[in-house]
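A quick write-up on the structure given underneath.
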Amino acid sequence: MSSAEKVHILVVEDNPDMLEIYTNMFKGESRFEVDMLSDAMHALRRLEDKKYDLVILDIIMEPLTGESFFVYLRGNAKTMHLPVVVVSVLEPHTLDALKRLNHSTILQKPIHKDELFKAIDEMLSRRTNR
Amino acid sequence: MSEKRHILIVEDKPEDAELVQYELKRAGLDFEVRCVDNKEAYLRELDAFRPDAVLADYSLPDLDAMTALDLLNDRRPLTPLIVVTGTLTEETAVDCMLRGVADYVLKDHLAKLGPAVSRSLERRAEREARKRAEEALRESEAKYSALIKYAGDAILIMDENARIVESNMRAEVILGYSAAELSGMDFISRHVETDRQKADGHFKLVSSAKKRAFYEAMLTTKDGITIPVEILINVVEYIDKRVVNAVIRDVSERKKAEVLKVNVIRDITHKLKTPIATATMACDLVEEALQKNDDELQKSSLKLMLGSVKRLRSDVDRMMDFFRMAIERPVESPGPTSLKALLDRILSEEGPLARAKGLQLTASVSEEADEVRVLETDLYVLFGNLIDNAIKFTKQGGVAVTAERTDGRVRIAVEDAGAGIPAEILPRVFEEFFQANAALPGMGLGLPICKQIVDRYNGTIAVHSEGAGKGTRVIVELPS
């Protein structure tokens, strides 16, 4: 599978343990090409330069929170429709504001690998059907 | 009334006084009597005998009835004086009544005396009761008007169209208008636009059905600020009119506290859930590693799991320390604890973490600073937290603890060359659950716990930093 055919995913998460877990989850999943950044500010800049198919987003981060990151993302024509999988320990109902933003799904930690991959596939199929 | 009535007789003829007493007995009165025949004795008995009624002959050489009446009114107002006399012209009788004599009885009609005295005593009792009631009313009016004036809630009195008639001081404070400005103002229009229909509905219901209503609303002050309030409206009778009374409570502080509480709970939940979530996911990975026979994955996942459980334990310990400080009573006079031994213990525990980050961790305690009058467990939590923080926020260089004796106390400094604290954060470091950076591990309880410990020993703690990136120095002073 060439890089062009792969699904490019950007993980935005500041917890080193979580990053290690994602690394292990995606290990051996050759259909994905995954980049990880622990600073949402850097992630916004990266999205200017590189095209991704999906973002996995943590919420409680500093200095830029996942919520603010998401709002910036939707405010930019380039990333307006970029699918986002929110993965946070917060109760999904406390993230009501995010639900109003299109092309996203919210998962609550802890997440199982199967659950994450199912959410990713759903988001990607919705995009191709659009 | 079972008590004997005190009757003072002003009479210079003893036989007439006898006759008077005979008539009183005949009328069935229960009484005690004293007789006087001059002004001096009269004045004395007014104070000593405290008569309920005075029976006075109209014209004694030393004391005529009118003088007796004036003296009586001065000293014992409301006490009736009845004139008992041999002769009395119509004119004099009228004069007596006009000046306030309770009644008059002619000596040749003494049979009328008993009823006259009874009647006077009854009237006096009525007058006294009325006077007491009036006084009580005046007093309660003064009390209630003060209560309303200085009440902690705003109180408005309005007509049935919600026009303000009267307001108290708190109403002026909350709404920002003077009483004069409030007078005549439409109260509904003080509500924010979205609340006006609701308020109007409540008013109509209250004034038509004479019910009470309670609702929450936002009011706009004179400065254009909106404040959350609770309003109780009620129909009351007010000086022969039916008016609407509103009690308005400013609930801004409570609303703020509610928001704060929600934020604190959200933060605590997140802090505790993060390591639990990591451990759970690490478990899944261990399972996967076992299936795949992947030793490396198994090892790294177990390490992750262990790290998360350790963090969880440390967070729960912090919370326990914090709540323990809040409920435990301080020990009266704790024996001395060796600071040096304690710091050695903490340093050996924290050593691996410091070495892993390449940090130098040192402690130096001068000999005369070794003994502090603080329980060992408290000392352990205090310096454990401070040293742990210093290591956590330092990337390179070192963490140094020094202790010396000054003015009968021990002064301990914990210094690091780490992240430092920006000036705007410094004043908040002792706030419970406060964290400069919500994404950092920990509960935001470390320094608040240190403050609690230091406070219970009448010590001091101060945090100094020149700013971000310039290191931190914490100075603790404890009794020795």
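Each chain in the structure tokens gets a letter, A, B and so on, in the order shown; residues start at 1 in every chain, and ligands are counted from 1 in the order they appear.
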
Taking only C-alpha atoms into account, report as JSON, numbers by chain which residues of chain B lie within 12 Å of chain A.
{"B": [262, 263, 265, 266, 267, 268, 269, 270, 271, 272, 273, 274, 275, 276, 277, 278, 279, 280, 281, 282, 283, 284, 285, 286, 287, 288, 289, 292, 294, 296, 297, 298, 299, 300, 301, 302, 303, 304, 305, 306, 307, 308, 311, 435, 436, 437, 438, 439, 440, 441]}

Please produce an output containing N, CA and C atoms for each residue in the selection, written as a compact mmCIF listing (two decimals), in the first residue's frame.
# COMPACT_ATOMS: atom_id res chain seq x y z
N VAL B 262 -19.09 23.23 40.08
CA VAL B 262 -19.17 22.39 38.88
C VAL B 262 -17.77 22.24 38.28
N ASN B 263 -17.02 23.35 38.20
CA ASN B 263 -15.67 23.30 37.63
C ASN B 263 -14.75 22.41 38.45
N ILE B 265 -15.57 19.92 40.46
CA ILE B 265 -15.95 18.51 40.29
C ILE B 265 -15.46 17.99 38.94
N ARG B 266 -15.60 18.83 37.92
CA ARG B 266 -15.14 18.43 36.58
C ARG B 266 -13.63 18.15 36.61
N ASP B 267 -12.89 19.02 37.29
CA ASP B 267 -11.43 18.85 37.34
C ASP B 267 -11.04 17.59 38.12
N ILE B 268 -11.67 17.39 39.29
CA ILE B 268 -11.33 16.22 40.11
C ILE B 268 -11.65 14.95 39.33
N THR B 269 -12.83 14.93 38.71
CA THR B 269 -13.24 13.76 37.96
C THR B 269 -12.22 13.44 36.88
N HIS B 270 -11.82 14.49 36.18
CA HIS B 270 -10.86 14.28 35.10
C HIS B 270 -9.55 13.74 35.65
N LYS B 271 -9.11 14.34 36.78
CA LYS B 271 -7.83 13.94 37.36
C LYS B 271 -7.83 12.48 37.78
N LEU B 272 -8.93 12.03 38.35
CA LEU B 272 -8.99 10.65 38.81
C LEU B 272 -9.25 9.68 37.66
N LYS B 273 -10.01 10.16 36.67
CA LYS B 273 -10.38 9.26 35.58
C LYS B 273 -9.23 9.01 34.61
N THR B 274 -8.34 9.99 34.48
CA THR B 274 -7.26 9.84 33.50
C THR B 274 -6.40 8.61 33.79
N PRO B 275 -5.86 8.47 35.02
CA PRO B 275 -5.05 7.27 35.27
C PRO B 275 -5.88 5.98 35.22
N ILE B 276 -7.16 6.06 35.61
CA ILE B 276 -8.00 4.85 35.54
C ILE B 276 -8.17 4.44 34.07
N ALA B 277 -8.43 5.45 33.22
CA ALA B 277 -8.61 5.16 31.79
C ALA B 277 -7.33 4.59 31.20
N THR B 278 -6.19 5.18 31.56
CA THR B 278 -4.91 4.69 31.02
C THR B 278 -4.68 3.24 31.46
N ALA B 279 -4.93 2.95 32.74
CA ALA B 279 -4.71 1.59 33.25
C ALA B 279 -5.63 0.61 32.53
N THR B 280 -6.89 1.03 32.30
CA THR B 280 -7.84 0.14 31.62
C THR B 280 -7.37 -0.18 30.20
N MET B 281 -6.92 0.88 29.50
CA MET B 281 -6.46 0.67 28.12
C MET B 281 -5.18 -0.17 28.09
N ALA B 282 -4.34 0.04 29.12
CA ALA B 282 -3.12 -0.77 29.20
C ALA B 282 -3.48 -2.24 29.41
N CYS B 283 -4.54 -2.50 30.17
CA CYS B 283 -5.01 -3.88 30.37
C CYS B 283 -5.37 -4.52 29.03
N ASP B 284 -6.12 -3.76 28.21
CA ASP B 284 -6.48 -4.26 26.88
C ASP B 284 -5.23 -4.64 26.08
N LEU B 285 -4.22 -3.77 26.21
CA LEU B 285 -2.98 -4.02 25.46
C LEU B 285 -2.26 -5.27 25.97
N VAL B 286 -2.29 -5.48 27.28
CA VAL B 286 -1.67 -6.69 27.85
C VAL B 286 -2.36 -7.92 27.28
N GLU B 287 -3.68 -7.85 27.23
CA GLU B 287 -4.47 -8.95 26.70
C GLU B 287 -4.05 -9.25 25.25
N GLU B 288 -3.95 -8.17 24.49
CA GLU B 288 -3.57 -8.31 23.08
C GLU B 288 -2.16 -8.91 22.97
N ALA B 289 -1.25 -8.42 23.83
CA ALA B 289 0.13 -8.89 23.82
C ALA B 289 0.20 -10.39 24.12
N LYS B 292 -0.92 -12.30 21.06
CA LYS B 292 0.08 -12.24 19.98
C LYS B 292 1.44 -12.77 20.39
N ASP B 294 3.49 -11.20 22.22
CA ASP B 294 4.38 -10.05 21.99
C ASP B 294 4.95 -9.60 23.34
N GLU B 296 7.42 -7.66 24.11
CA GLU B 296 7.76 -6.23 24.23
C GLU B 296 6.51 -5.41 24.57
N LEU B 297 5.43 -5.70 23.85
CA LEU B 297 4.16 -5.00 24.10
C LEU B 297 3.67 -5.29 25.52
N GLN B 298 3.85 -6.52 25.93
CA GLN B 298 3.41 -6.91 27.26
C GLN B 298 4.15 -6.10 28.33
N LYS B 299 5.46 -6.00 28.17
CA LYS B 299 6.28 -5.27 29.13
C LYS B 299 5.89 -3.79 29.19
N SER B 300 5.82 -3.19 28.00
CA SER B 300 5.54 -1.75 27.98
C SER B 300 4.13 -1.45 28.51
N SER B 301 3.18 -2.35 28.23
CA SER B 301 1.82 -2.12 28.71
C SER B 301 1.73 -2.26 30.22
N LEU B 302 2.45 -3.25 30.76
CA LEU B 302 2.45 -3.42 32.21
C LEU B 302 3.07 -2.22 32.90
N LYS B 303 4.12 -1.67 32.26
CA LYS B 303 4.78 -0.49 32.82
C LYS B 303 3.81 0.70 32.85
N LEU B 304 3.07 0.83 31.75
CA LEU B 304 2.06 1.89 31.67
C LEU B 304 1.03 1.75 32.77
N MET B 305 0.60 0.50 32.95
CA MET B 305 -0.43 0.21 33.94
C MET B 305 0.05 0.57 35.34
N LEU B 306 1.28 0.13 35.63
CA LEU B 306 1.85 0.39 36.94
C LEU B 306 1.97 1.89 37.20
N GLY B 307 2.45 2.63 36.17
CA GLY B 307 2.60 4.08 36.30
C GLY B 307 1.27 4.75 36.60
N SER B 308 0.21 4.29 35.91
CA SER B 308 -1.11 4.90 36.10
C SER B 308 -1.65 4.62 37.49
N ARG B 311 0.09 6.79 39.96
CA ARG B 311 -0.41 8.17 39.91
C ARG B 311 -1.75 8.27 40.62
N GLN B 435 -4.97 24.84 39.49
CA GLN B 435 -3.76 24.45 38.78
C GLN B 435 -3.52 25.42 37.66
N ALA B 436 -2.28 25.89 37.57
CA ALA B 436 -1.93 26.84 36.52
C ALA B 436 -2.17 26.20 35.16
N ASN B 437 -2.00 24.89 35.11
CA ASN B 437 -2.14 24.18 33.85
C ASN B 437 -2.97 22.93 34.09
N ALA B 438 -4.20 22.96 33.57
CA ALA B 438 -5.15 21.88 33.86
C ALA B 438 -4.68 20.54 33.30
N ALA B 439 -3.76 20.57 32.32
CA ALA B 439 -3.34 19.32 31.70
C ALA B 439 -2.26 18.60 32.49
N LEU B 440 -1.72 19.28 33.53
CA LEU B 440 -0.67 18.64 34.33
C LEU B 440 -1.27 17.57 35.23
N PRO B 441 -0.47 16.54 35.54
CA PRO B 441 -0.97 15.57 36.51
C PRO B 441 -1.03 16.22 37.89

Which residues are near B:Asp37? Cut-off 8 Å, only C-alpha atoms, ignore same chain within fewer than 2 positions. Put them as number ranges by chain.
B: 10-12, 35, 39, 41-42, 60, 62-63

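The nearest approach to A:Leu82 among the residues A:Ala43, A:Ala97, A:Leu124, A:Leu107, with only C-alpha atoms taken into account, belongs to A:Leu124.
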
Leaving out A:Ser2 and any residue of its chain fewer than 5 positions from it, which residues lie within 12 Å of it when counting only C-alpha atoms, given as a ChimeraX atom specification?
/A:7-8,30-33

For A:Val84, please output as number ranges by chain all residues within 12 Å (counting only C-alpha atoms; exclusion window: fewer than 5 positions along the same chain).
A: 9-12, 52-59, 66-67, 69-71, 73-74, 79, 98-99, 101-107, 116, 119-124, 126-127

Please report, as a list in words, each residue of chain A to which DSSP assigns strand (DSSP E) when run on this structure's backbone.
Val7, His8, Ile9, Leu10, Val11, Val12, Phe32, Glu33, Val34, Asp35, Met36, Leu37, Leu54, Val55, Ile56, Leu57, Val84, Val85, Val86, Val87, Ser88, Ser104, Thr105, Ile106, Leu107 and Gln108 of chain A

Writing out the chosen residues with C-alpha atoms as an mmCIF file, in the first residue's frame:
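Result saved to again_5.cif:
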data_model
loop_
_atom_site.group_PDB
_atom_site.id
_atom_site.type_symbol
_atom_site.label_atom_id
_atom_site.label_comp_id
_atom_site.auth_asym_id
_atom_site.auth_seq_id
_atom_site.Cartn_x
_atom_site.Cartn_y
_atom_site.Cartn_z
ATOM 1 C CA VAL A 7 -5.488 6.965 5.659
ATOM 2 C CA HIS A 8 -3.577 9.870 7.207
ATOM 3 C CA ILE A 9 -4.451 10.462 10.829
ATOM 4 C CA LEU A 10 -3.274 13.234 13.164
ATOM 5 C CA VAL A 11 -3.468 12.493 16.875
ATOM 6 C CA VAL A 12 -3.559 15.592 19.116
ATOM 7 C CA PHE A 32 -3.077 4.007 8.611
ATOM 8 C CA GLU A 33 -0.288 6.525 8.617
ATOM 9 C CA VAL A 34 -0.339 8.251 11.984
ATOM 10 C CA ASP A 35 1.342 11.444 13.210
ATOM 11 C CA MET A 36 1.114 12.496 16.834
ATOM 12 C CA LEU A 37 1.474 15.971 18.374
ATOM 13 C CA LEU A 54 -8.993 12.475 10.164
ATOM 14 C CA VAL A 55 -8.030 13.981 13.533
ATOM 15 C CA ILE A 56 -8.120 12.212 16.904
ATOM 16 C CA LEU A 57 -8.493 14.932 19.512
ATOM 17 C CA VAL A 84 -12.708 14.537 14.058
ATOM 18 C CA VAL A 85 -12.886 11.768 16.651
ATOM 19 C CA VAL A 86 -12.897 13.369 20.108
ATOM 20 C CA VAL A 87 -11.410 11.081 22.774
ATOM 21 C CA SER A 88 -11.655 12.500 26.294
ATOM 22 C CA SER A 104 -17.323 14.573 14.579
ATOM 23 C CA THR A 105 -17.954 11.797 17.015
ATOM 24 C CA ILE A 106 -17.223 11.714 20.756
ATOM 25 C CA LEU A 107 -15.703 8.766 22.616
ATOM 26 C CA GLN A 108 -15.086 8.626 26.341
#

Selection: 12 Å around B:Asp321, only C-alpha atoms, excl. self and same-chain fewer than 6 positions, as a PyMOL selection string
chain B and resi 314-315+327-328+377-378+380-382+384-385+443+445-453

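The spacing separating atom CA of B:Gln396 from atom CA of B:Leu426 amounts to 22.1 Å.
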
If we count only C-alpha atoms, what is near B:Ala102 at a cut-off of 8 Å, once residues fewer than 2 positions away on the same chain are taken out, given as a ChimeraX atom specification?
/B:80-82,97,100,104,120

Just asking: which residues within stretch 198-367 of chain B are helix (DSSP H, G or I) according to DSSP, as a PDB file with C-alpha atoms, in the first residue's frame?
ATOM      1  CA  LYS B 198     -42.936  35.865  32.841  1.00  0.00           C
ATOM      2  CA  ALA B 199     -42.814  38.641  35.470  1.00  0.00           C
ATOM      3  CA  ASP B 200     -45.948  40.280  34.077  1.00  0.00           C
ATOM      4  CA  GLY B 201     -47.765  36.944  34.232  1.00  0.00           C
ATOM      5  CA  HIS B 202     -46.804  36.459  37.871  1.00  0.00           C
ATOM      6  CA  PHE B 203     -47.933  39.983  38.761  1.00  0.00           C
ATOM      7  CA  LYS B 204     -51.311  39.582  37.077  1.00  0.00           C
ATOM      8  CA  LEU B 205     -51.883  36.264  38.808  1.00  0.00           C
ATOM      9  CA  VAL B 206     -50.822  37.598  42.200  1.00  0.00           C
ATOM     10  CA  SER B 207     -52.966  40.731  42.059  1.00  0.00           C
ATOM     11  CA  SER B 208     -56.062  38.981  40.661  1.00  0.00           C
ATOM     12  CA  ALA B 209     -55.983  35.676  42.543  1.00  0.00           C
ATOM     13  CA  SER B 252     -25.073  36.324  42.128  1.00  0.00           C
ATOM     14  CA  GLU B 253     -22.702  34.946  44.774  1.00  0.00           C
ATOM     15  CA  ARG B 254     -24.585  31.668  44.973  1.00  0.00           C
ATOM     16  CA  LYS B 255     -24.643  31.300  41.194  1.00  0.00           C
ATOM     17  CA  LYS B 256     -20.896  31.984  41.084  1.00  0.00           C
ATOM     18  CA  ALA B 257     -20.278  29.354  43.775  1.00  0.00           C
ATOM     19  CA  GLU B 258     -22.387  26.853  41.824  1.00  0.00           C
ATOM     20  CA  VAL B 259     -20.308  27.392  38.696  1.00  0.00           C
ATOM     21  CA  LEU B 260     -17.099  27.075  40.733  1.00  0.00           C
ATOM     22  CA  LYS B 261     -18.323  23.822  42.287  1.00  0.00           C
ATOM     23  CA  VAL B 262     -19.165  22.387  38.883  1.00  0.00           C
ATOM     24  CA  ASN B 263     -15.675  23.297  37.631  1.00  0.00           C
ATOM     25  CA  VAL B 264     -13.969  21.743  40.662  1.00  0.00           C
ATOM     26  CA  ILE B 265     -15.950  18.514  40.293  1.00  0.00           C
ATOM     27  CA  ARG B 266     -15.140  18.432  36.583  1.00  0.00           C
ATOM     28  CA  ASP B 267     -11.432  18.850  37.342  1.00  0.00           C
ATOM     29  CA  ILE B 268     -11.335  16.224  40.105  1.00  0.00           C
ATOM     30  CA  THR B 269     -13.241  13.757  37.958  1.00  0.00           C
ATOM     31  CA  HIS B 270     -10.861  14.285  35.099  1.00  0.00           C
ATOM     32  CA  LYS B 271      -7.826  13.940  37.358  1.00  0.00           C
ATOM     33  CA  LEU B 272      -8.989  10.646  38.814  1.00  0.00           C
ATOM     34  CA  LYS B 273     -10.379   9.263  35.576  1.00  0.00           C
ATOM     35  CA  THR B 274      -7.260   9.840  33.499  1.00  0.00           C
ATOM     36  CA  PRO B 275      -5.054   7.271  35.268  1.00  0.00           C
ATOM     37  CA  ILE B 276      -7.998   4.853  35.540  1.00  0.00           C
ATOM     38  CA  ALA B 277      -8.613   5.163  31.794  1.00  0.00           C
ATOM     39  CA  THR B 278      -4.911   4.689  31.023  1.00  0.00           C
ATOM     40  CA  ALA B 279      -4.714   1.593  33.249  1.00  0.00           C
ATOM     41  CA  THR B 280      -7.842   0.144  31.622  1.00  0.00           C
ATOM     42  CA  MET B 281      -6.462   0.669  28.121  1.00  0.00           C
ATOM     43  CA  ALA B 282      -3.120  -0.766  29.204  1.00  0.00           C
ATOM     44  CA  CYS B 283      -5.010  -3.882  30.370  1.00  0.00           C
ATOM     45  CA  ASP B 284      -6.480  -4.265  26.883  1.00  0.00           C
ATOM     46  CA  LEU B 285      -2.979  -4.016  25.458  1.00  0.00           C
ATOM     47  CA  VAL B 286      -1.667  -6.687  27.849  1.00  0.00           C
ATOM     48  CA  GLU B 287      -4.466  -8.955  26.695  1.00  0.00           C
ATOM     49  CA  GLU B 288      -3.566  -8.306  23.078  1.00  0.00           C
ATOM     50  CA  ALA B 289       0.133  -8.893  23.823  1.00  0.00           C
ATOM     51  CA  LEU B 290      -0.688 -12.255  25.384  1.00  0.00           C
ATOM     52  CA  GLN B 291      -2.692 -13.292  22.334  1.00  0.00           C
ATOM     53  CA  LYS B 292       0.076 -12.242  19.979  1.00  0.00           C
ATOM     54  CA  ASP B 295       6.755  -9.796  24.952  1.00  0.00           C
ATOM     55  CA  GLU B 296       7.763  -6.230  24.231  1.00  0.00           C
ATOM     56  CA  LEU B 297       4.161  -4.997  24.103  1.00  0.00           C
ATOM     57  CA  GLN B 298       3.411  -6.909  27.265  1.00  0.00           C
ATOM     58  CA  LYS B 299       6.276  -5.267  29.129  1.00  0.00           C
ATOM     59  CA  SER B 300       5.542  -1.748  27.984  1.00  0.00           C
ATOM     60  CA  SER B 301       1.816  -2.120  28.712  1.00  0.00           C
ATOM     61  CA  LEU B 302       2.450  -3.420  32.215  1.00  0.00           C
ATOM     62  CA  LYS B 303       4.782  -0.492  32.823  1.00  0.00           C
ATOM     63  CA  LEU B 304       2.059   1.891  31.668  1.00  0.00           C
ATOM     64  CA  MET B 305      -0.430   0.211  33.936  1.00  0.00           C
ATOM     65  CA  LEU B 306       1.854   0.386  36.941  1.00  0.00           C
ATOM     66  CA  GLY B 307       2.598   4.078  36.302  1.00  0.00           C
ATOM     67  CA  SER B 308      -1.112   4.897  36.098  1.00  0.00           C
ATOM     68  CA  VAL B 309      -1.981   3.013  39.263  1.00  0.00           C
ATOM     69  CA  LYS B 310       0.858   4.792  41.090  1.00  0.00           C
ATOM     70  CA  ARG B 311      -0.408   8.171  39.914  1.00  0.00           C
ATOM     71  CA  LEU B 312      -3.919   7.272  40.987  1.00  0.00           C
ATOM     72  CA  ARG B 313      -2.657   6.258  44.415  1.00  0.00           C
ATOM     73  CA  SER B 314      -0.724   9.474  44.826  1.00  0.00           C
ATOM     74  CA  ASP B 315      -3.760  11.551  43.792  1.00  0.00           C
ATOM     75  CA  VAL B 316      -6.014   9.716  46.229  1.00  0.00           C
ATOM     76  CA  ASP B 317      -3.360  10.131  48.969  1.00  0.00           C
ATOM     77  CA  ARG B 318      -3.313  13.880  48.307  1.00  0.00           C
ATOM     78  CA  MET B 319      -7.072  14.061  48.642  1.00  0.00           C
ATOM     79  CA  MET B 320      -6.960  12.035  51.848  1.00  0.00           C
ATOM     80  CA  ASP B 321      -4.261  14.343  53.284  1.00  0.00           C
ATOM     81  CA  PHE B 322      -6.336  17.326  52.334  1.00  0.00           C
ATOM     82  CA  PHE B 323      -9.519  16.056  53.960  1.00  0.00           C
ATOM     83  CA  ARG B 324      -7.597  14.798  57.003  1.00  0.00           C
ATOM     84  CA  MET B 325      -6.222  18.309  57.575  1.00  0.00           C
ATOM     85  CA  ALA B 326      -9.731  19.712  57.306  1.00  0.00           C
ATOM     86  CA  ILE B 327     -11.223  17.422  59.976  1.00  0.00           C
ATOM     87  CA  LEU B 339      14.212  17.420  60.439  1.00  0.00           C
ATOM     88  CA  LYS B 340      17.430  15.892  59.133  1.00  0.00           C
ATOM     89  CA  ALA B 341      16.240  12.289  59.542  1.00  0.00           C
ATOM     90  CA  LEU B 342      12.946  13.157  57.892  1.00  0.00           C
ATOM     91  CA  LEU B 343      14.521  14.924  54.902  1.00  0.00           C
ATOM     92  CA  ASP B 344      16.930  11.986  54.449  1.00  0.00           C
ATOM     93  CA  ARG B 345      13.948   9.671  54.257  1.00  0.00           C
ATOM     94  CA  ILE B 346      12.159  11.838  51.656  1.00  0.00           C
ATOM     95  CA  LEU B 347      15.377  12.268  49.649  1.00  0.00           C
ATOM     96  CA  SER B 348      15.941   8.520  49.498  1.00  0.00           C
ATOM     97  CA  GLU B 349      12.353   8.040  48.293  1.00  0.00           C
ATOM     98  CA  GLU B 350      12.472  10.828  45.718  1.00  0.00           C
ATOM     99  CA  GLY B 351      16.079  10.054  44.708  1.00  0.00           C
ATOM    100  CA  PRO B 352      15.280   7.660  41.834  1.00  0.00           C
ATOM    101  CA  LEU B 353      12.849  10.151  40.253  1.00  0.00           C
ATOM    102  CA  ALA B 354      15.399  12.975  40.504  1.00  0.00           C
ATOM    103  CA  ARG B 355      18.212  10.810  39.139  1.00  0.00           C
ATOM    104  CA  ALA B 356      16.016   9.684  36.248  1.00  0.00           C
ATOM    105  CA  GLU B 367      22.705  21.317  63.803  1.00  0.00           C
TER     106      GLU B 367
END

Taking 4 positions as the minimum chain separation for residues in the same chain, which residues sit within 12 Å of B:Ala400 when counting only C-alpha atoms? Answer as a list in words.
Leu343, Leu347, Ala354, Leu359, Gln360, Leu361, Thr362, Ala363, Ser364, Val365, Phe383, Leu386, Ile387, Asp388, Ala390, Ile391, Thr394, Ile412, Ala413, Val414, Glu415, Asp416, Ala417, Gly418, Gly471, Thr472, Arg473, Val474 and Ile475 of chain B

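For the pair atom CA of B:Tyr150 and atom CA of B:Asp240, the interatomic distance is 24.5 Å.
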
note - atom CA of B:Ile248 and atom CA of B:Ala151 are separated by 10.6 Å
